[in-house]
$ cat structure-v8.txt   # compact mmCIF, C-alpha atoms
# COMPACT_ATOMS: atom_id res chain seq x y z
CA MET A 217 -20.03 7.61 18.39
CA THR A 218 -23.80 7.67 17.84
CA ARG A 219 -25.89 4.54 17.41
CA ALA A 220 -26.30 5.34 13.70
CA ASN A 221 -22.55 5.71 13.29
CA MET A 222 -21.97 2.45 15.15
CA GLY A 223 -24.38 0.69 12.79
CA SER A 224 -22.66 2.15 9.74
CA ASN A 225 -19.25 1.25 11.16
CA LEU A 226 -20.31 -2.35 11.76
CA LYS A 227 -21.86 -2.62 8.30
CA ASN A 228 -18.70 -1.35 6.63
CA ALA A 229 -16.51 -3.65 8.72
CA VAL A 230 -18.55 -6.68 7.67
CA LEU A 231 -18.51 -5.47 4.06
CA ALA A 232 -14.72 -5.14 4.14
CA ILE A 233 -14.28 -8.62 5.62
CA LEU A 234 -16.57 -10.23 3.04
CA ALA A 235 -15.22 -8.28 0.05
CA PRO A 236 -12.42 -10.68 -0.97
CA LEU A 237 -14.61 -13.79 -0.71
CA PRO A 238 -15.30 -14.09 -4.49
CA SER A 239 -11.57 -14.38 -5.25
CA MET A 240 -10.92 -16.65 -2.29
CA ILE A 241 -13.76 -19.02 -3.21
CA PHE A 242 -12.61 -19.17 -6.83
CA TYR A 243 -9.01 -19.86 -5.85
CA LEU A 244 -9.96 -22.54 -3.32
CA SER A 245 -12.08 -24.20 -6.02
CA PHE A 246 -9.05 -24.13 -8.29
CA LEU A 247 -6.88 -25.79 -5.64
CA LYS A 248 -9.48 -28.46 -4.90
CA ASN A 249 -9.50 -29.60 -8.52
CA SER A 250 -6.18 -31.30 -8.06
CA GLU A 251 -6.94 -34.14 -10.47
CA VAL A 252 -7.88 -31.73 -13.24
CA ILE A 253 -4.78 -29.67 -12.52
CA ALA A 254 -2.61 -32.79 -12.61
CA ASN A 255 -4.12 -33.82 -15.95
CA ALA A 256 -3.59 -30.34 -17.32
CA ALA A 257 0.03 -30.37 -16.22
CA ALA A 258 0.51 -33.76 -17.89
CA GLY A 259 -1.19 -32.59 -21.07
CA GLY A 260 -4.31 -34.64 -20.43
CA ASP A 261 -6.84 -31.88 -21.01
CA ASP A 262 -10.28 -33.45 -21.56
CA GLY A 263 -11.47 -30.50 -23.62
CA SER A 264 -14.08 -29.29 -21.12
CA PHE A 265 -14.41 -25.65 -20.17
CA ALA A 266 -13.52 -26.42 -16.54
CA ALA A 267 -10.38 -28.29 -17.55
CA SER A 268 -9.31 -25.45 -19.85
CA LEU A 269 -10.01 -22.88 -17.13
CA TRP A 270 -8.05 -24.74 -14.46
CA ALA A 271 -5.20 -25.36 -16.90
CA TRP A 272 -4.98 -21.65 -17.68
CA CYS A 273 -5.00 -20.82 -13.94
CA TYR A 274 -2.28 -23.40 -13.41
CA TYR A 275 0.13 -22.03 -16.00
CA HIS A 276 -0.46 -18.29 -15.49
CA PRO A 277 -0.24 -17.41 -11.77
CA VAL A 278 0.56 -13.70 -12.27
CA LEU A 279 -2.12 -13.25 -14.93
CA LEU A 280 -4.63 -15.02 -12.70
CA ALA A 281 -3.75 -12.62 -9.88
CA ASN A 282 -4.45 -9.73 -12.25
CA VAL A 283 -7.79 -11.18 -13.36
CA LEU A 284 -8.93 -11.71 -9.77
CA PHE A 285 -7.78 -8.20 -8.89
CA PHE A 286 -9.67 -6.74 -11.86
CA PHE A 287 -13.02 -8.30 -11.04
CA ASN A 288 -12.86 -8.42 -7.25
CA VAL A 289 -11.21 -5.05 -6.62
CA ASN A 290 -11.52 -2.86 -9.70
CA VAL A 291 -15.10 -3.78 -10.54
CA LEU A 292 -16.60 -4.78 -7.18
CA PHE A 293 -14.94 -2.04 -5.09
CA TRP A 294 -15.77 0.52 -7.78
CA VAL A 295 -19.46 -0.43 -7.68
CA ILE A 296 -19.51 -0.38 -3.87
CA GLY A 297 -17.74 3.00 -3.88
CA HIS A 298 -20.38 4.57 -6.12
CA ILE A 299 -23.25 3.03 -4.17
CA GLN A 300 -21.84 4.49 -0.95
CA ASN A 301 -20.63 7.66 -2.69
CA ARG A 302 -17.14 7.31 -1.18
CA HIS A 303 -14.21 5.18 -2.32
CA TRP A 304 -12.67 4.05 0.96
CA MET A 305 -12.16 0.30 0.57
CA ILE A 306 -9.10 0.52 -1.68
CA SER A 307 -7.27 2.53 1.01
CA LEU A 308 -7.95 -0.20 3.57
CA TYR A 309 -7.07 -2.99 1.15
CA TRP A 310 -3.68 -1.49 0.33
CA THR A 311 -2.66 -3.23 3.54
CA VAL A 312 -4.53 -6.46 2.85
CA ILE A 313 -3.90 -7.25 -0.82
CA PRO A 314 -0.14 -7.92 -0.40
CA ILE A 315 -1.01 -10.43 2.35
CA LEU A 316 -3.47 -12.18 0.04
CA LEU A 317 -0.94 -12.16 -2.79
CA VAL A 318 1.99 -13.55 -0.78
CA HIS A 319 -0.13 -16.50 0.39
CA TYR A 320 -1.55 -16.95 -3.10
CA TYR A 321 1.93 -17.17 -4.63
CA ALA A 322 3.11 -19.50 -1.84
CA THR A 323 0.22 -21.95 -2.29
CA HIS A 324 -0.04 -21.94 -6.08
CA PRO A 325 0.63 -25.44 -7.52
CA LEU A 326 3.61 -24.15 -9.52
CA ALA A 327 5.24 -22.58 -6.46
CA GLN A 328 8.79 -23.62 -5.65
CA TYR A 329 10.88 -21.84 -3.06
CA ASN A 330 13.33 -21.97 -0.20
CA LEU A 331 11.19 -22.59 2.89
CA TRP A 332 13.10 -20.22 5.16
CA ARG A 333 13.12 -17.38 2.64
CA SER A 334 9.39 -17.85 2.18
CA LYS A 335 8.76 -17.79 5.94
CA ILE A 336 10.86 -14.66 6.34
CA VAL A 337 9.12 -12.78 3.52
CA ILE A 338 5.64 -13.84 4.65
CA LEU A 339 6.41 -12.77 8.23
CA LEU A 340 7.78 -9.41 7.07
CA THR A 341 4.71 -8.86 4.88
CA TRP A 342 2.42 -9.54 7.83
CA VAL A 343 4.37 -7.15 10.06
CA TRP A 344 4.23 -4.45 7.37
CA ALA A 345 0.50 -4.99 6.82
CA ILE A 346 -0.37 -4.92 10.53
CA ARG A 347 1.68 -1.75 10.95
CA LEU A 348 0.04 0.05 8.05
CA ASN A 349 -3.46 -1.20 8.83
CA HIS A 350 -3.10 -0.07 12.45
CA ASN A 351 -2.02 3.37 11.27
CA TYR A 352 -4.93 3.61 8.83
CA LEU A 353 -7.58 2.65 11.39
CA ARG A 354 -5.98 4.81 14.11
CA ARG A 355 -6.01 7.79 11.75
CA GLU A 356 -9.66 7.10 10.94
CA ARG A 357 -10.44 6.82 14.69
CA TRP A 358 -11.25 3.14 14.27
CA GLN A 359 -14.14 3.87 11.93
CA TRP A 360 -14.59 1.76 8.82
CA GLY A 361 -15.45 3.69 5.67
CA ALA A 362 -16.28 6.99 7.36
CA ARG A 363 -14.51 8.94 4.62
CA GLU A 364 -12.45 8.51 1.48
CA ASP A 365 -8.92 9.67 0.75
CA TRP A 366 -8.83 13.46 0.40
CA ARG A 367 -7.19 13.09 -3.02
CA PHE A 368 -10.21 11.16 -4.29
CA THR A 369 -12.49 13.91 -2.98
CA GLN A 370 -10.47 16.49 -4.89
CA MET A 371 -10.64 14.38 -8.05
CA ARG A 372 -14.42 14.02 -7.63
CA ALA A 373 -14.81 17.80 -7.52
CA GLN A 374 -12.40 18.28 -10.42
CA TYR A 375 -13.99 15.83 -12.87
CA GLY A 376 -17.66 16.32 -11.99
CA LYS A 377 -19.99 14.32 -14.25
CA ASN A 378 -17.05 12.35 -15.69
CA TRP A 379 -16.16 11.03 -12.22
CA LEU A 380 -18.08 7.78 -12.78
CA TRP A 381 -15.65 6.41 -15.34
CA ILE A 382 -12.56 8.38 -14.33
CA SER A 383 -12.80 6.91 -10.83
CA PHE A 384 -12.54 3.40 -12.30
CA PHE A 385 -9.25 4.13 -14.01
CA GLY A 386 -7.88 6.85 -11.73
CA ILE A 387 -8.45 4.93 -8.50
CA TYR A 388 -8.84 1.22 -9.18
CA ALA A 389 -7.01 0.40 -12.42
CA ALA A 390 -4.12 2.58 -11.26
CA GLN A 391 -4.00 0.78 -7.90
CA GLN A 392 -3.81 -2.55 -9.73
CA VAL A 393 -0.66 -1.39 -11.53
CA PHE A 394 0.83 -0.17 -8.24
CA LEU A 395 0.01 -3.18 -6.10
CA ILE A 396 0.71 -5.94 -8.60
CA GLY A 397 3.91 -4.14 -9.57
CA VAL A 398 5.41 -3.63 -6.11
CA THR A 399 4.49 -7.17 -5.03
CA LEU A 400 6.23 -8.89 -7.96
CA PRO A 401 9.15 -9.83 -5.66
CA LEU A 402 6.67 -11.89 -3.62
CA TYR A 403 6.03 -13.94 -6.76
CA VAL A 404 9.76 -14.33 -7.46
CA VAL A 405 10.46 -15.52 -3.90
CA HIS A 406 7.91 -18.29 -4.45
CA SER A 407 9.01 -19.28 -7.95
CA VAL A 408 12.78 -19.76 -7.46
CA ASP A 409 14.27 -22.25 -5.03
CA ARG A 410 17.80 -21.28 -4.00
CA PRO A 411 19.57 -21.45 -0.62
CA LEU A 412 19.71 -18.34 1.54
CA ASN A 413 22.83 -16.21 1.04
CA ILE A 414 24.34 -12.89 2.13
CA TRP A 415 21.94 -10.82 0.03
CA ASP A 416 18.97 -12.22 1.90
CA TYR A 417 20.60 -11.06 5.12
CA ILE A 418 21.01 -7.60 3.58
CA ALA A 419 17.40 -7.48 2.35
CA ILE A 420 16.01 -8.34 5.80
CA PRO A 421 17.43 -5.31 7.70
CA VAL A 422 16.55 -2.99 4.80
CA ALA A 423 12.92 -4.14 4.94
CA VAL A 424 12.80 -4.09 8.76
CA THR A 425 14.35 -0.61 8.87
CA GLY A 426 11.72 0.62 6.42
CA ILE A 427 8.83 -0.82 8.44
CA THR A 428 10.25 0.55 11.71
CA MET A 429 10.90 4.01 10.31
CA ALA A 430 7.42 4.24 8.81
CA TYR A 431 5.87 3.14 12.12
CA LEU A 432 7.84 5.67 14.17
CA ALA A 433 7.16 8.50 11.71
CA ASP A 434 3.42 7.80 11.54
CA THR A 435 3.22 7.51 15.33
CA GLN A 436 5.03 10.82 15.78
CA LEU A 437 2.64 12.44 13.29
CA HIS A 438 -0.40 10.94 15.05
CA ASP A 439 0.81 12.22 18.44
CA PHE A 440 1.48 15.66 16.96
CA ILE A 441 -2.06 15.88 15.57
CA ALA A 442 -3.51 14.66 18.88
CA ARG A 443 -1.56 17.29 20.86
CA ASN A 444 -2.73 20.04 18.53
CA GLN A 445 -6.32 18.86 18.91
CA LYS A 446 -6.01 19.18 22.69
CA LEU A 447 -4.53 22.66 22.34
CA LYS A 448 -7.49 23.68 20.15
CA GLU A 449 -9.94 22.37 22.75
CA LEU A 450 -8.15 24.41 25.43
CA GLY A 451 -8.24 27.52 23.25
CA LYS A 452 -4.45 27.66 22.99
CA PRO A 453 -2.41 28.29 19.81
CA VAL A 454 -1.44 25.14 17.94
CA VAL A 455 2.04 24.13 16.79
CA LEU A 456 2.16 24.93 13.10
CA ASN A 457 4.60 22.28 11.96
CA LEU A 458 5.97 18.94 13.12
CA ASP A 459 9.71 19.49 13.31
CA GLU A 460 10.96 16.94 15.82
CA GLY A 461 11.85 13.24 15.91
CA LEU A 462 12.30 11.80 12.43
CA TRP A 463 10.44 14.79 11.03
CA TYR A 464 13.34 17.02 12.06
CA TYR A 465 15.54 15.27 9.50
CA SER A 466 12.99 14.57 6.76
CA ARG A 467 9.74 16.18 5.61
CA HIS A 468 8.30 12.75 4.75
CA PRO A 469 10.09 10.08 6.81
CA ASN A 470 7.02 7.82 6.63
CA TYR A 471 7.23 7.84 2.83
CA PHE A 472 10.95 7.09 2.96
CA GLY A 473 10.36 4.17 5.32
CA GLU A 474 7.65 2.80 3.05
CA GLN A 475 10.00 2.93 0.07
CA LEU A 476 12.75 1.15 2.01
CA TRP A 477 10.32 -1.70 2.70
CA TRP A 478 9.49 -2.21 -0.98
CA TRP A 479 13.13 -1.93 -2.06
CA GLY A 480 14.02 -4.51 0.58
CA LEU A 481 11.71 -6.90 -1.26
CA VAL A 482 13.40 -5.98 -4.54
CA ILE A 483 16.74 -7.13 -3.08
CA PHE A 484 15.20 -10.55 -2.39
CA ALA A 485 14.08 -10.79 -6.03
CA TRP A 486 17.33 -9.40 -7.45
CA ASN A 487 19.23 -12.01 -5.45
CA LEU A 488 17.13 -14.69 -7.20
CA GLY A 489 18.06 -13.42 -10.65
CA GLN A 490 14.91 -11.38 -11.28
CA ALA A 491 16.18 -7.80 -11.06
CA TRP A 492 13.51 -6.66 -13.53
CA THR A 493 10.98 -6.63 -10.68
CA PHE A 494 12.47 -3.30 -9.59
CA VAL A 495 10.13 -1.63 -12.11
CA GLY A 496 7.21 -1.92 -9.68
CA SER A 497 9.04 -0.15 -6.86
CA LEU A 498 10.46 2.42 -9.27
CA PHE A 499 6.97 3.24 -10.54
CA ASN A 500 5.80 3.47 -6.94
CA VAL A 501 8.61 5.94 -6.19
CA LEU A 502 7.52 8.11 -9.12
CA CYS A 503 3.89 8.04 -7.98
CA LEU A 504 4.84 8.81 -4.39
CA SER A 505 6.90 11.74 -5.65
CA TYR A 506 3.72 13.12 -7.19
CA VAL A 507 1.79 12.48 -3.97
CA THR A 508 4.52 14.32 -2.05
CA MET A 509 4.03 17.31 -4.32
CA LEU A 510 0.26 17.24 -3.74
CA VAL A 511 0.66 17.02 0.03
CA GLU A 512 3.11 19.91 0.13
CA GLU A 513 0.93 22.06 -2.12
CA ARG A 514 -1.95 21.42 0.26
CA MET A 515 0.20 22.46 3.24
CA LEU A 516 1.32 25.66 1.50
CA LYS A 517 -2.28 26.55 0.66
CA THR A 518 -3.25 26.44 4.34
CA PRO A 519 -3.00 30.18 5.20
CA HIS A 520 -1.83 29.93 8.82
CA ARG A 521 0.84 27.34 7.93
CA THR A 522 2.24 28.81 4.71
CA GLU A 523 5.17 30.71 6.19
CA ALA A 524 6.18 28.01 8.70
CA TYR A 525 6.00 25.21 6.15
CA SER A 526 7.83 27.24 3.52
CA HIS A 527 10.70 27.68 5.98
CA TYR A 528 10.55 23.96 6.84
CA ARG A 529 10.84 23.05 3.14
CA LYS A 530 13.91 25.23 2.70
CA THR A 531 15.80 23.65 5.58
CA THR A 532 14.67 20.01 5.64
CA SER A 533 15.34 17.11 3.28
CA VAL A 534 12.33 15.81 1.34
CA TRP A 535 12.62 12.05 1.95
CA VAL A 536 16.10 10.91 2.95
CA PRO A 537 16.75 11.84 6.60
CA TRP A 538 19.57 14.38 6.70
CA PHE A 539 20.93 17.26 8.72
CA LYS A 540 19.21 20.63 8.59
CA ALA A 541 20.37 23.05 5.91
CA SER A 542 20.92 26.72 6.64
CA LEU A 543 18.75 29.07 4.64
CA GLY A 544 21.84 30.17 2.71
CA SER A 545 22.58 26.62 1.54
CA ALA A 546 19.01 25.32 1.35
CA LYS A 547 19.24 24.87 -2.38
CA GLU A 548 21.98 22.28 -1.84
CA LYS A 549 20.13 20.08 0.66
CA PRO A 550 19.65 16.40 -0.33
CA THR A 551 16.28 15.09 -1.39
$ encode --input "structure-v8.txt" --output "structure tokens"
Amino acid sequence: MTRANMGSNLKNAVLAILAPLPSMIFYLSFLKNSEVIANAAAGGDDGSFAASLWAWCYYHPVLLANVLFFFNVNVLFWVIGHIQNRHWMISLYWTVIPILLVHYYATHPLAQYNLWRSKIVILLTWVWAIRLNHNYLRRERWQWGAREDWRFTQMRAQYGKNWLWISFFGIYAAQQVFLIGVTLPLYVVHSVDRPLNIWDYIAIPVAVTGITMAYLADTQLHDFIARNQKLKELGKPVVLNLDEGLWYYSRHPNYFGEQLWWWGLVIFAWNLGQAWTFVGSLFNVLCLSYVTMLVEERMLKTPHRTEAYSHYRKTTSVWVPWFKASLGSAKEKPT
């Protein structure tokens, strides 16, 4: 890495660390106004703007999370992305925002919860976030903000002069729907106080299995790419397709693991009487289905991989790990 790249890497790392400060400072100010909050809760609003603001924050935790997300992520990250001409921060913060949200919901004045369930969910969220953040930085060769997601680059080329405003809705507003939606169970866990029961002990292994599967799949993919890079450097032919480990049984085992994690959280919320929170994970499944289609189209458009990947698609399950299908029965393989 050159000195210029090191400087840019350090600058982007500092920028990423400082980025959530506006929301954090606002929320800490809200928490420190305990007397105002207490008066608001008791109906003793003094009519001032501050009292009205803190009262609104007190009674609307999910809406407050959305407002902070809108200004701190949608607006601020969008501005930074256009200044730098690459929208990379939202990819990094996919792993950070759920951590911020789970602690936000746990510390909100209206929070009420079973302590052990809260500890379990917070711990699982941290493990998931560390896993995904490690994979992101490893894939980017430990460089902060060196490039944006390839899908954003395609969208930039597709929309041209309209990219300025389309990027706001297509990248940031859409991510708000995804992230607030899939993390709704974190809110439920910290708004209902009930003893642990059998469904919590079912949700835990589902979530852990998802995190573990995603880690193993991403590590196998990383090792596969690294081996091919070495083969290229040695002037040897590369392996066209990853068809071993979890990837032998599923074309996208990392996606399947990621979905298991989110549905594990849904079980926690369903167990607390809030089954409606499944809508966030369902929407995420639909979006990831579209992403799967984009990824596979990209693979099929790579000339030297078209035939190998086409064969792989015909014999291998899309998400759910399953046994290989023969070419004669490929149409019947599970997805």
$ closest_residue --input "structure-v8.txt" --among "A:Val343, A:Ala235, A:Val312, A:Val536" --to "A:Phe287" --atoms "all atoms listed in the file"
A:Ala235
$ closest_residue --input "structure-v8.txt" --among "A:Gln391, A:Gln359, A:Gln328, A:Thr532" --to "A:Tyr309" --atoms "only C-alpha atoms"
A:Gln391
$ closest_residue --input "structure-v8.txt" --among "A:Leu231, A:Ile338, A:Leu331, A:Pro277" --to "A:Ile296" --atoms "only C-alpha atoms"
A:Leu231
$ closest_residue --input "structure-v8.txt" --among "A:Met429, A:Val289, A:Ala229, A:Ala267" --to "A:Leu353" --atoms "all atoms listed in the file"
A:Ala229
$ atom_distance --input "structure-v8.txt" --atom1 "atom CA of A:Lys248" --atom2 "atom CA of A:Trp310"
28.1 Å
$ closest_residue --input "structure-v8.txt" --among "A:Trp381, A:Tyr417, A:Phe440, A:Tyr275" --to "A:Gly461" --atoms "all atoms listed in the file"
A:Phe440
$ residues_around --input "structure-v8.txt" --residues "stretch 480-483 of chain A" --least-positions-apart "6" --cutoff "7 Å" --atoms "all atoms listed in the file" --output "JSON, numbers by chain"
{"A": [401, 419, 420, 422, 423, 493, 494]}
$ closest_residue --input "structure-v8.txt" --among "A:Asn470, A:Ser383, A:Thr399, A:Gln370" --to "A:Thr311" --atoms "only C-alpha atoms"
A:Thr399
$ residues_around --input "structure-v8.txt" --residues "A:Leu504" --least-positions-apart "4" --cutoff "12 Å" --atoms "all atoms listed in the file" --output "MDAnalysis selection string"
chainID A and resid 394 468 470:472 474:475 497:500 508:511 534:535
$ atom_distance --input "structure-v8.txt" --atom1 "atom CA of A:Tyr320" --atom2 "atom CA of A:Trp358"
28.3 Å
$ atom_distance --input "structure-v8.txt" --atom1 "atom CA of A:Leu237" --atom2 "atom CA of A:Phe285"
12.0 Å
$ residues_around --input "structure-v8.txt" --residues "A:Ile306" --least-positions-apart "6" --cutoff "10 Å" --atoms "only C-alpha atoms" --output "VMD selection string"
chain A and resid 232 289 to 290 293 to 294 297 312 to 313 364 to 365 387 to 388 391
$ residues_near_point --input "structure-v8.txt" --point "(12.5, 1.1, 7.4)" --cutoff "6 Å" --atoms "all atoms listed in the file" --output "ChimeraX atom specification"
/A:423-429,473,476-477
$ closest_atom_pairs --input "structure-v8.txt" --of "stretch 272-340 of chain A" --to "stretch 485-489 of chain A" --cutoff "12 Å" --atoms "all atoms listed in the file" --output "Markdown table"
| residue | atom | partner | partner_atom | distance |
| --- | --- | --- | --- | --- |
| A:Tyr329 | CA | A:Leu488 | CA | 10.4 |
| A:Asn330 | CA | A:Leu488 | CA | 10.8 |
| A:Arg333 | CA | A:Ala485 | CA | 10.9 |
| A:Ser334 | CA | A:Ala485 | CA | 11.8 |
| A:Val337 | CA | A:Ala485 | CA | 10.9 |
